[in-house]
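Peer 1: Contents of target.tsv (TSV, C-alpha atoms) are given next:
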chain	number	residue	atom	x	y	z
D	187	MET	CA	15.45	0.55	-7.18
D	188	GLN	CA	13.19	-0.41	-10.04
D	189	PRO	CA	12.62	2.17	-12.77
D	190	PRO	CA	9.18	3.70	-13.43
D	191	LYS	CA	6.96	1.66	-15.75
D	192	THR	CA	5.68	3.13	-18.99
D	193	ASP	CA	2.97	0.53	-19.62
D	194	LEU	CA	0.69	0.98	-16.62
D	195	ASP	CA	-3.05	0.50	-17.03
D	196	PRO	CA	-5.37	3.48	-16.51
D	197	PRO	CA	-6.18	3.81	-12.78
D	198	LYS	CA	-9.33	2.07	-11.56
D	199	ASP	CA	-11.48	3.15	-8.67
D	200	ASP	CA	-13.06	-0.18	-7.74
D	201	PRO	CA	-14.27	-0.05	-4.12
D	202	PHE	CA	-12.55	-2.27	-1.54
D	203	THR	CA	-13.40	-2.68	2.12
D	204	LEU	CA	-10.59	-3.39	4.55
D	205	GLU	CA	-12.04	-6.87	4.98
D	206	GLN	CA	-12.01	-7.51	1.21
D	207	LEU	CA	-8.44	-6.21	0.96
D	208	LYS	CA	-7.25	-8.86	3.44
D	209	ALA	CA	-7.88	-11.55	0.81
D	210	PHE	CA	-5.07	-10.10	-1.32
D	211	ASP	CA	-2.26	-10.52	1.22
D	212	GLY	CA	-0.16	-12.98	-0.78
D	213	SER	CA	-1.27	-16.06	1.14
D	214	ASP	CA	-3.28	-17.42	-1.83
D	215	PRO	CA	-1.07	-17.81	-4.92
D	216	SER	CA	-4.16	-17.76	-7.18
D	217	LYS	CA	-4.99	-14.18	-6.16
D	218	PRO	CA	-3.18	-10.92	-6.86
D	219	ILE	CA	-1.28	-9.12	-4.09
D	220	TYR	CA	-2.52	-5.64	-3.20
D	221	VAL	CA	-0.98	-2.89	-1.07
D	222	ALA	CA	-2.99	0.23	-0.16
D	223	ILE	CA	-1.39	3.60	0.54
D	224	LYS	CA	-3.54	6.56	1.58
D	225	ALA	CA	-6.62	4.49	0.57
D	226	THR	CA	-5.33	3.86	-2.98
D	227	VAL	CA	-5.00	0.15	-3.79
D	228	PHE	CA	-1.99	-0.92	-5.87
D	229	ASP	CA	-1.47	-4.32	-7.55
D	230	VAL	CA	2.05	-5.41	-6.54
D	231	THR	CA	1.67	-9.01	-7.75
D	232	ARG	CA	4.62	-8.74	-10.16
D	233	LYS	CA	6.82	-8.20	-7.11
D	234	ALA	CA	5.59	-11.30	-5.26
D	235	ASP	CA	9.25	-11.95	-4.41
D	236	THR	CA	9.04	-8.85	-2.19
D	237	TYR	CA	5.37	-8.66	-1.08
D	238	GLY	CA	4.38	-12.35	-1.16
D	239	LYS	CA	3.82	-14.61	1.82
D	240	GLY	CA	6.92	-14.83	3.99
D	241	LYS	CA	8.77	-12.12	2.03
D	242	SER	CA	10.38	-9.00	3.44
D	243	TYR	CA	7.51	-6.57	2.75
D	244	ASN	CA	4.55	-8.93	3.13
D	245	LEU	CA	3.60	-6.86	6.20
D	246	PHE	CA	2.18	-4.25	3.79
D	247	ALA	CA	0.16	-6.72	1.68
D	248	GLY	CA	-3.61	-6.99	2.05
D	249	LYS	CA	-4.00	-3.77	4.03
D	250	ASP	CA	-3.53	-0.04	4.09
D	251	ALA	CA	-0.27	0.33	6.01
D	252	SER	CA	0.26	4.02	5.31
D	253	ARG	CA	1.57	4.81	8.79
D	254	ALA	CA	4.29	2.12	8.62
D	255	LEU	CA	5.41	3.27	5.18
D	256	GLY	CA	5.66	6.87	6.35
D	257	MET	CA	7.67	5.80	9.39
D	258	SER	CA	9.83	3.34	7.38
D	259	SER	CA	8.69	0.76	9.94
D	260	LEU	CA	8.34	-3.00	9.59
D	261	LYS	CA	6.54	-3.33	12.93
D	262	PRO	CA	3.07	-4.91	12.66
D	263	GLU	CA	1.62	-2.40	15.13
D	264	ASP	CA	2.59	0.45	12.77
D	265	ALA	CA	0.95	-1.18	9.71
D	266	VAL	CA	-2.29	0.79	9.95
D	267	SER	CA	-4.05	3.27	7.71
D	268	ASP	CA	-4.11	6.25	10.11
D	269	TYR	CA	-1.23	8.53	9.22
D	270	SER	CA	-2.71	11.68	10.79
D	271	THR	CA	-0.08	11.89	13.52
D	272	LEU	CA	2.98	11.48	11.29
D	273	SER	CA	5.67	14.13	11.58
D	274	GLU	CA	6.30	16.40	8.63
D	275	GLY	CA	9.34	14.32	7.66
D	276	ASP	CA	7.41	11.04	7.88
D	277	MET	CA	4.59	12.58	5.85
D	278	LYS	CA	7.10	13.43	3.11
D	279	THR	CA	8.35	9.83	3.22
D	280	LEU	CA	4.77	8.56	2.89
D	281	ASN	CA	4.11	10.85	-0.08
D	282	ASP	CA	7.36	9.69	-1.68
D	283	TRP	CA	6.24	6.08	-1.31
D	284	TYR	CA	2.86	6.95	-2.82
D	285	ASP	CA	4.61	8.55	-5.81
D	286	PHE	CA	6.95	5.55	-6.13
D	287	PHE	CA	4.04	3.08	-6.19
D	288	SER	CA	2.01	5.29	-8.58
D	289	LYS	CA	4.79	5.13	-11.15
D	290	ARG	CA	5.40	1.39	-10.87
D	291	TYR	CA	2.16	-0.43	-10.03
D	292	ASN	CA	-1.35	-0.43	-11.44
D	293	ILE	CA	-3.98	1.29	-9.32
D	294	VAL	CA	-6.87	-1.14	-8.94
D	295	GLY	CA	-9.16	0.66	-6.52
D	296	LYS	CA	-9.84	2.64	-3.37
D	297	VAL	CA	-10.42	1.56	0.22
D	298	ILE	CA	-13.87	2.87	1.11
D	299	ASP	CA	-14.14	2.12	4.83
D	300	LEU	CA	-10.99	3.44	6.45
D	301	PRO	CA	-11.55	4.40	10.08
D	302	PRO	CA	-11.50	8.13	10.77
D	303	PRO	CA	-8.05	9.48	11.63
D	304	THR	CA	-7.19	10.14	15.23
D	305	SER	CA	-5.89	13.55	16.04
D	306	ALA	CA	-3.07	14.37	18.37
D	307	LEU	CA	-4.31	15.80	21.64
Would you mind giving the structure from this file in structure tokens?

Peer 2:
Amino acid sequence: MQPPKTDLDPPKDDPFTLEQLKAFDGSDPSKPIYVAIKATVFDVTRKADTYGKGKSYNLFAGKDASRALGMSSLKPEDAVSDYSTLSEGDMKTLNDWYDFFSKRYNIVGKVIDLPPPTSAL
């Protein structure tokens, strides 16, 4: 596991729509690669060997895949922003991932148009 970085830039709060975020999925090598967790957008470009096109965690690039991170899932159907139905254990996992990213990648913005969470019936 990579150690925390000590030279991160101050967090930004630039607004991103889900549609705009799709452009940063690693498919265009001239653009940065972004991963959003709980609506916070992280620049993971320096780990293109992990998040770039065709790489093991590219599923998370260009979207908010909070649910999949919380579930430790690599299934495309789980790579959605709604994490409202996660179990307590999965919620802890998601928060751990958020903390991990916060200490290692620059925060470049916020997703402003996430759909409302669904609630368990």

Peer 1: Which is closest to D:Lys239 among D:Glu263, D:Glu274, D:Gly212, D:Tyr220, if we use only C-alpha atoms?

Peer 2: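 Among D:Glu263, D:Glu274, D:Gly212, D:Tyr220, it is D:Gly212 that comes nearest to D:Lys239.
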
Peer 1: In Å to one decimal, how far is atom CA of D:Asp199 from atom CA of D:Asp264?

Peer 2: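 Straight-line distance from atom CA of D:Asp264 to atom CA of D:Asp199 works out to 25.8 Å.
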
Peer 1: Interatomic distance between atom CA of D:Phe210 and atom CA of D:Ala251?

Peer 2: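 Spanning atom CA of D:Phe210 to atom CA of D:Ala251 is a straight-line distance of 13.6 Å.
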
Peer 1: Pick out the closest residue to D:Asp276 from this set: D:Val227, D:Leu300, D:Met257, D:Ile293. Count only C-alpha atoms.

Peer 2: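 Ranked by minimum distance to D:Asp276, first place goes to D:Met257.
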
Peer 1: From the options D:Thr304, D:Ser213, D:Thr226, D:Ser273, which residue's atoms come nearest to D:Tyr291, counting all atoms listed in the file?

Peer 2: D:Thr226

Peer 1: So, with only C-alpha atoms as the atoms that count, which of D:Tyr237, D:Asp195, D:Gly248, D:Tyr243 lies closest to D:Asp211?

Peer 2: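 Closest to D:Asp211 of all the choices is D:Gly248.
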
Peer 1: Can you tell me how far atom CA of D:Pro301 sits from atom CA of D:Asp268, in Å to one decimal?

Peer 2: 7.7 Å

Peer 1: For D:Val230, which of D:Arg290, D:Asp214, D:Lys198, D:Val297 is the closest residue, counting all atoms listed in the file?

Peer 2: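 Among D:Arg290, D:Asp214, D:Lys198, D:Val297, it is D:Arg290 that comes nearest to D:Val230.
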
Peer 1: Find the residue from D:Thr203, D:Ser258, D:Asn244, D:Ser267 that sits nearest to D:Asp299; use only C-alpha atoms when measuring.

Peer 2: D:Thr203

Peer 1: If I put a ball of radius 12 Å at (8.6, 11.7, 3.7) in the file's coordinates, which residues poke into it when counting all atoms listed in the file, written as an MDAnalysis selection string?

Peer 2: chainID D and resid 252:258 269 272:286

Peer 1: Regenerate stretch 228-258 of chain D at the level of N, CA and C atoms and dump it as an mmCIF file, in the frame of the given file.

Peer 2:
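Resulting contents of rebuild09.cif:
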data_model
loop_
_atom_site.group_PDB
_atom_site.id
_atom_site.type_symbol
_atom_site.label_atom_id
_atom_site.label_comp_id
_atom_site.auth_asym_id
_atom_site.auth_seq_id
_atom_site.Cartn_x
_atom_site.Cartn_y
_atom_site.Cartn_z
ATOM 1 N N PHE D 228 -2.941 -0.628 -4.804
ATOM 2 C CA PHE D 228 -1.990 -0.920 -5.870
ATOM 3 C C PHE D 228 -1.832 -2.434 -6.025
ATOM 4 N N ASP D 229 -1.717 -2.905 -7.263
ATOM 5 C CA ASP D 229 -1.470 -4.320 -7.550
ATOM 6 C C ASP D 229 0.043 -4.530 -7.623
ATOM 7 N N VAL D 230 0.601 -5.177 -6.603
ATOM 8 C CA VAL D 230 2.050 -5.410 -6.540
ATOM 9 C C VAL D 230 2.405 -6.863 -6.861
ATOM 10 N N THR D 231 1.498 -7.587 -7.487
ATOM 11 C CA THR D 231 1.670 -9.010 -7.750
ATOM 12 C C THR D 231 2.988 -9.303 -8.476
ATOM 13 N N ARG D 232 3.389 -8.464 -9.402
ATOM 14 C CA ARG D 232 4.620 -8.740 -10.160
ATOM 15 C C ARG D 232 5.858 -8.703 -9.283
ATOM 16 N N LYS D 233 5.716 -8.193 -8.069
ATOM 17 C CA LYS D 233 6.820 -8.200 -7.110
ATOM 18 C C LYS D 233 6.499 -9.140 -5.936
ATOM 19 N N ALA D 234 5.927 -10.305 -6.280
ATOM 20 C CA ALA D 234 5.590 -11.300 -5.260
ATOM 21 C C ALA D 234 6.832 -11.728 -4.485
ATOM 22 N N ASP D 235 7.999 -11.607 -5.106
ATOM 23 C CA ASP D 235 9.250 -11.950 -4.410
ATOM 24 C C ASP D 235 9.556 -10.972 -3.283
ATOM 25 N N THR D 236 8.856 -9.855 -3.246
ATOM 26 C CA THR D 236 9.040 -8.850 -2.190
ATOM 27 C C THR D 236 7.820 -8.787 -1.272
ATOM 28 N N TYR D 237 6.601 -8.844 -1.849
ATOM 29 C CA TYR D 237 5.370 -8.660 -1.080
ATOM 30 C C TYR D 237 4.619 -9.950 -0.797
ATOM 31 N N GLY D 238 5.059 -11.076 -1.358
ATOM 32 C CA GLY D 238 4.380 -12.350 -1.160
ATOM 33 C C GLY D 238 4.529 -12.906 0.242
ATOM 34 N N LYS D 239 3.815 -13.988 0.494
ATOM 35 C CA LYS D 239 3.820 -14.610 1.820
ATOM 36 C C LYS D 239 5.246 -14.957 2.234
ATOM 37 N N GLY D 240 5.604 -14.530 3.451
ATOM 38 C CA GLY D 240 6.920 -14.830 3.990
ATOM 39 C C GLY D 240 8.040 -13.944 3.475
ATOM 40 N N LYS D 241 7.735 -12.992 2.604
ATOM 41 C CA LYS D 241 8.770 -12.120 2.030
ATOM 42 C C LYS D 241 8.929 -10.856 2.865
ATOM 43 N N SER D 242 9.975 -10.109 2.576
ATOM 44 C CA SER D 242 10.380 -9.000 3.440
ATOM 45 C C SER D 242 9.326 -7.917 3.643
ATOM 46 N N TYR D 243 8.505 -7.629 2.626
ATOM 47 C CA TYR D 243 7.510 -6.570 2.750
ATOM 48 C C TYR D 243 6.080 -7.089 2.744
ATOM 49 N N ASN D 244 5.899 -8.365 3.080
ATOM 50 C CA ASN D 244 4.550 -8.930 3.130
ATOM 51 C C ASN D 244 3.693 -8.234 4.180
ATOM 52 N N LEU D 245 4.314 -7.614 5.166
ATOM 53 C CA LEU D 245 3.600 -6.860 6.200
ATOM 54 C C LEU D 245 2.642 -5.834 5.589
ATOM 55 N N PHE D 246 2.987 -5.282 4.423
ATOM 56 C CA PHE D 246 2.180 -4.250 3.790
ATOM 57 C C PHE D 246 1.052 -4.817 2.924
ATOM 58 N N ALA D 247 1.108 -6.109 2.607
ATOM 59 C CA ALA D 247 0.160 -6.720 1.680
ATOM 60 C C ALA D 247 -1.199 -6.969 2.339
ATOM 61 N N GLY D 248 -2.262 -6.716 1.572
ATOM 62 C CA GLY D 248 -3.610 -6.990 2.050
ATOM 63 C C GLY D 248 -4.140 -5.974 3.043
ATOM 64 N N LYS D 249 -3.528 -4.797 3.092
ATOM 65 C CA LYS D 249 -4.000 -3.770 4.030
ATOM 66 C C LYS D 249 -3.523 -2.404 3.576
ATOM 67 N N ASP D 250 -4.047 -1.385 4.251
ATOM 68 C CA ASP D 250 -3.530 -0.040 4.090
ATOM 69 C C ASP D 250 -2.585 0.183 5.259
ATOM 70 N N ALA D 251 -1.303 0.194 4.973
ATOM 71 C CA ALA D 251 -0.270 0.330 6.010
ATOM 72 C C ALA D 251 0.444 1.670 5.869
ATOM 73 N N SER D 252 -0.315 2.699 5.569
ATOM 74 C CA SER D 252 0.260 4.020 5.310
ATOM 75 C C SER D 252 1.182 4.499 6.428
ATOM 76 N N ARG D 253 0.764 4.319 7.662
ATOM 77 C CA ARG D 253 1.570 4.810 8.790
ATOM 78 C C ARG D 253 2.955 4.154 8.787
ATOM 79 N N ALA D 254 3.004 2.831 8.616
ATOM 80 C CA ALA D 254 4.290 2.120 8.620
ATOM 81 C C ALA D 254 5.186 2.584 7.470
ATOM 82 N N LEU D 255 4.604 2.800 6.310
ATOM 83 C CA LEU D 255 5.410 3.270 5.180
ATOM 84 C C LEU D 255 5.986 4.650 5.469
ATOM 85 N N GLY D 256 5.176 5.531 6.023
ATOM 86 C CA GLY D 256 5.660 6.870 6.350
ATOM 87 C C GLY D 256 6.775 6.848 7.382
ATOM 88 N N MET D 257 6.682 5.900 8.323
ATOM 89 C CA MET D 257 7.670 5.800 9.390
ATOM 90 C C MET D 257 8.857 4.918 9.000
ATOM 91 N N SER D 258 8.818 4.332 7.799
ATOM 92 C CA SER D 258 9.830 3.340 7.380
ATOM 93 C C SER D 258 9.929 2.233 8.431
#
